[in-house]
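Peer 1: Contents are mmCIF, C-alpha atoms; file name model35.cif:
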```cif
data_start
loop_
_atom_site.label_atom_id
_atom_site.label_comp_id
_atom_site.auth_asym_id
_atom_site.auth_seq_id
_atom_site.Cartn_x
_atom_site.Cartn_y
_atom_site.Cartn_z
CA MET Y 1 -13.17 106.51 103.30
CA THR Y 2 -10.46 106.69 100.66
CA VAL Y 3 -9.16 103.44 99.18
CA THR Y 4 -5.71 103.26 97.64
CA LEU Y 5 -5.12 100.43 95.19
CA SER Y 6 -1.73 98.96 94.45
CA PRO Y 7 -0.85 99.32 90.75
CA ASP Y 8 -1.05 95.56 90.26
CA TYR Y 9 -4.44 95.09 91.96
CA SER Y 10 -6.88 93.00 89.99
CA PRO Y 11 -10.20 91.67 91.31
CA VAL Y 12 -10.48 87.92 91.78
CA ASP Y 13 -13.54 85.69 92.06
CA ASP Y 14 -12.73 84.32 95.51
CA ALA Y 15 -12.41 87.76 97.14
CA GLU Y 16 -15.29 89.51 98.89
CA PHE Y 17 -17.57 90.63 96.06
CA MET Y 18 -17.67 94.42 95.65
CA SER Y 19 -15.32 95.09 98.52
CA SER Y 20 -14.12 98.68 98.78
CA PHE Y 21 -11.01 97.69 96.78
CA MET Y 22 -13.09 96.09 94.03
CA GLN Y 23 -15.40 99.11 93.88
CA GLU Y 24 -12.42 101.46 93.61
CA TYR Y 25 -10.87 99.27 90.91
CA PHE Y 26 -14.03 99.49 88.77
CA ARG Y 27 -14.49 103.20 89.56
CA GLN Y 28 -10.99 103.92 88.21
CA LYS Y 29 -11.56 101.68 85.19
CA LEU Y 30 -14.82 103.48 84.37
CA LEU Y 31 -13.28 106.94 84.90
CA ARG Y 32 -10.37 106.12 82.56
CA TRP Y 33 -12.78 104.81 79.90
CA ARG Y 34 -14.95 107.91 80.27
CA ALA Y 35 -11.94 110.23 79.92
CA GLU Y 36 -10.85 108.43 76.73
CA LEU Y 37 -14.32 108.78 75.23
CA VAL Y 38 -14.55 112.47 76.16
CA ASP Y 39 -11.10 113.12 74.60
CA GLU Y 40 -12.09 111.29 71.40
CA SER Y 41 -15.38 113.17 71.29
CA ASN Y 42 -13.62 116.52 71.73
CA ASP Y 43 -11.18 115.64 68.94
CA THR Y 44 -14.09 114.75 66.65
CA LEU Y 45 -15.94 117.94 67.50
CA GLN Y 46 -12.84 120.03 66.85
CA SER Y 47 -12.22 118.39 63.46
CA LEU Y 48 -15.88 118.94 62.49
CA GLN Y 49 -15.67 122.62 63.44
CA GLU Y 50 -12.40 123.22 61.61
CA GLY Y 51 -13.38 122.74 58.04
CA GLY Y 52 -16.24 123.66 55.85
CA ILE Y 53 -16.73 121.71 52.69
CA LEU Y 54 -14.88 123.70 50.07
CA GLU Y 55 -14.17 120.85 47.68
CA PRO Y 56 -15.18 121.81 44.15
CA ASP Y 57 -15.46 118.16 43.09
CA ILE Y 58 -18.89 116.70 43.90
CA ALA Y 59 -17.45 113.21 44.56
CA ASP Y 60 -14.95 114.66 47.06
CA ARG Y 61 -17.73 116.61 48.77
CA ALA Y 62 -19.88 113.47 48.99
CA SER Y 63 -16.96 111.56 50.47
CA ILE Y 64 -16.36 114.27 53.09
CA GLU Y 65 -20.08 114.34 53.95
CA THR Y 66 -20.05 110.57 54.42
CA GLU Y 67 -17.02 110.82 56.72
CA ARG Y 68 -18.70 113.57 58.75
CA SER Y 69 -21.89 111.56 59.04
CA LEU Y 70 -19.90 108.57 60.31
CA GLU Y 71 -18.06 110.81 62.82
CA LEU Y 72 -21.36 112.17 64.10
CA ARG Y 73 -22.81 108.67 64.53
CA THR Y 74 -19.64 107.60 66.36
CA ARG Y 75 -19.86 110.67 68.57
CA ASP Y 76 -23.51 109.91 69.36
CA ARG Y 77 -22.57 106.33 70.32
CA ALA Y 78 -19.82 107.70 72.56
CA ARG Y 79 -22.29 110.11 74.19
CA LYS Y 80 -24.66 107.23 74.97
CA LEU Y 81 -21.76 105.17 76.33
CA ILE Y 82 -20.63 108.05 78.55
CA SER Y 83 -24.16 108.20 79.94
CA LYS Y 84 -24.03 104.46 80.74
CA ILE Y 85 -20.62 104.94 82.39
CA ASP Y 86 -22.07 107.77 84.50
CA ASP Y 87 -24.92 105.46 85.50
CA ALA Y 88 -22.41 102.76 86.51
CA LEU Y 89 -20.43 105.30 88.58
CA HIS Y 90 -23.67 106.29 90.29
CA ARG Y 91 -24.38 102.62 91.06
CA ILE Y 92 -20.93 102.34 92.66
CA ASP Y 93 -21.72 105.37 94.85
CA GLU Y 94 -25.05 103.91 95.95
CA GLY Y 95 -23.69 100.38 96.46
CA SER Y 96 -25.66 98.53 93.78
CA TYR Y 97 -22.83 98.25 91.21
CA GLY Y 98 -21.97 94.72 90.16
CA TYR Y 99 -25.35 93.25 91.01
CA CYS Y 100 -27.91 92.16 88.42
CA GLU Y 101 -30.86 94.55 88.12
CA GLU Y 102 -33.24 91.60 87.68
CA THR Y 103 -31.98 89.01 90.17
CA GLN Y 104 -29.82 91.12 92.54
CA GLU Y 105 -27.20 88.36 92.23
CA PRO Y 106 -23.54 89.28 91.58
CA ILE Y 107 -22.90 89.81 87.87
CA GLY Y 108 -19.43 88.27 88.03
CA ILE Y 109 -15.93 89.66 87.80
CA SER Y 110 -15.13 88.37 84.30
CA ARG Y 111 -18.31 89.92 82.86
CA LEU Y 112 -17.63 93.24 84.61
CA GLU Y 113 -14.03 93.19 83.36
CA ALA Y 114 -15.27 92.70 79.80
CA ARG Y 115 -18.23 95.10 80.11
CA PRO Y 116 -17.94 97.31 83.19
CA ILE Y 117 -21.29 98.99 82.41
CA ALA Y 118 -23.18 95.67 82.55
CA THR Y 119 -26.40 95.78 84.55
CA LEU Y 120 -27.52 92.19 84.01
CA SER Y 121 -25.90 88.83 84.75
CA ILE Y 122 -25.11 86.69 81.73
CA GLU Y 123 -28.16 84.51 82.44
CA ALA Y 124 -30.50 87.52 82.75
CA GLN Y 125 -28.98 89.10 79.61
CA GLU Y 126 -29.52 85.89 77.64
CA ARG Y 127 -33.15 85.70 78.88
CA HIS Y 128 -33.64 89.34 77.89
CA GLU Y 129 -32.22 88.71 74.39
CA ARG Y 130 -34.38 85.57 73.93
CA MET Y 131 -37.47 87.61 74.85
CA GLU Y 132 -36.47 90.35 72.40
CA ARG Y 133 -36.05 87.81 69.59
CA THR Y 134 -39.39 86.17 70.40
CA HIS Y 135 -41.25 89.49 70.41
CA ARG Y 136 -39.42 90.80 67.35
CA ASP Y 137 -40.55 87.81 65.28
CA ASP Y 138 -44.24 88.50 66.05
#
```
Would you kindly transcribe this structure into C-alpha cells?
Peer 2:
Amino acid sequence: MTVTLSPDYSPVDDAEFMSSFMQEYFRQKLLRWRAELVDESNDTLQSLQEGGILEPDIADRASIETERSLELRTRDRARKLISKIDDALHRIDEGSYGYCEETQEPIGISRLEARPIATLSIEAQERHERMERTHRDD
C-alpha cells in the first residue's frame, strides 16, 4: 500500500500512533537525512582524494593533516549514523519503529521528531544513562 502525504503533514500526539501516514512521514524524514549524510560523505571523500600534501612548510602540513583527521572522524560518525538510519528504516518496514526497545511503549512524537533514530523512550534512555554512570564510577 502506497501512502501519499500532503506537503504540510506533521504527526500529532492525538492521532493514531504509527499510522501509515506517520510511518511514511518518518520514512521520508529518515531518507532525506540519509541522503544528506551520503552527499556530505561523498564530498569529504572527494576532497580527501583530490590533494596530496605538497606543502613545503611543516606547520602547513601539520595543519592539513589535522583537518584531514577531523574530516575522517566526521565521516566515520556519519557512517555510523547512516547505519542507525538504516536500522530505523528497517524497523519501519517490520512495524516496530517508534516503540521503545525495552518497554514496547510508544517513544513519543516529540522525541522522534528530535531524534528519529531513537530506540528508547525518554524514561528508558534516562535509566540506561543512570546505569552507565553508576557502572562507570566503579
Peer 1: Can you list, as an MDAnalysis selection string, the residues that the PyMOL selection byres ((chain Y and resi 19-32) around 12) selects here?
Peer 2: chainID Y and resid 1:18 33:39 81:99 108:109 112:118
Peer 1: CA of Ala124 (chain Y) and CA of Thr103 (chain Y) are how many Å apart?
Peer 2: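 The value is 7.7 Å.
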Peer 1: Around (-23.4, 111.0, 72.0), as given in the file, which residues come within 12 Å? Count all atoms listed in the file and list them as an mmCIF file with C-alpha atoms, keeping the file's coordinate frame.
Peer 2:
```cif
data_model
loop_
_atom_site.group_PDB
_atom_site.id
_atom_site.type_symbol
_atom_site.label_atom_id
_atom_site.label_comp_id
_atom_site.auth_asym_id
_atom_site.auth_seq_id
_atom_site.Cartn_x
_atom_site.Cartn_y
_atom_site.Cartn_z
ATOM 1 C CA LEU Y 37 -14.320 108.780 75.230
ATOM 2 C CA VAL Y 38 -14.550 112.470 76.160
ATOM 3 C CA GLU Y 40 -12.090 111.290 71.400
ATOM 4 C CA SER Y 41 -15.380 113.170 71.290
ATOM 5 C CA ASN Y 42 -13.620 116.520 71.730
ATOM 6 C CA THR Y 44 -14.090 114.750 66.650
ATOM 7 C CA LEU Y 45 -15.940 117.940 67.500
ATOM 8 C CA GLU Y 71 -18.060 110.810 62.820
ATOM 9 C CA LEU Y 72 -21.360 112.170 64.100
ATOM 10 C CA ARG Y 73 -22.810 108.670 64.530
ATOM 11 C CA THR Y 74 -19.640 107.600 66.360
ATOM 12 C CA ARG Y 75 -19.860 110.670 68.570
ATOM 13 C CA ASP Y 76 -23.510 109.910 69.360
ATOM 14 C CA ARG Y 77 -22.570 106.330 70.320
ATOM 15 C CA ALA Y 78 -19.820 107.700 72.560
ATOM 16 C CA ARG Y 79 -22.290 110.110 74.190
ATOM 17 C CA LYS Y 80 -24.660 107.230 74.970
ATOM 18 C CA LEU Y 81 -21.760 105.170 76.330
ATOM 19 C CA ILE Y 82 -20.630 108.050 78.550
ATOM 20 C CA SER Y 83 -24.160 108.200 79.940
ATOM 21 C CA LYS Y 84 -24.030 104.460 80.740
#
```
Peer 1: Would you mind reading off the distance between CA of Ser110 (chain Y) and CA of Arg133 (chain Y), one decimal, in Å?
Peer 2: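 One can read the CA of Ser110 (chain Y) to CA of Arg133 (chain Y) distance as 25.6 Å.
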Peer 1: Could you give me the axis-aligned bounding box of region 3-12 of chain Y, with 5 Å of padding per side, as centre plus edge lengths in Å to one decimal, as lines of an AutoDock Vina configuration file?
Peer 2:
```
center_x = -5.7
center_y = 95.7
center_z = 94.6
size_x = 19.6
size_y = 25.5
size_z = 19.2
```
Peer 1: Out of Y:Arg136, Y:Arg111, Y:Arg127, Y:Arg68, which residue has the shortest atom-to-atom distance to Ser47 (chain Y) when counting all atoms listed in the file?
Peer 2: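 Nearest to Ser47 (chain Y): Y:Arg68.
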Peer 1: Between CA of Leu70 (chain Y) and CA of Thr119 (chain Y), what is the distance in Å, rounded to a tenth?
Peer 2: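 Atom-to-atom, CA of Leu70 (chain Y) and CA of Thr119 (chain Y) are spaced 28.2 Å apart.
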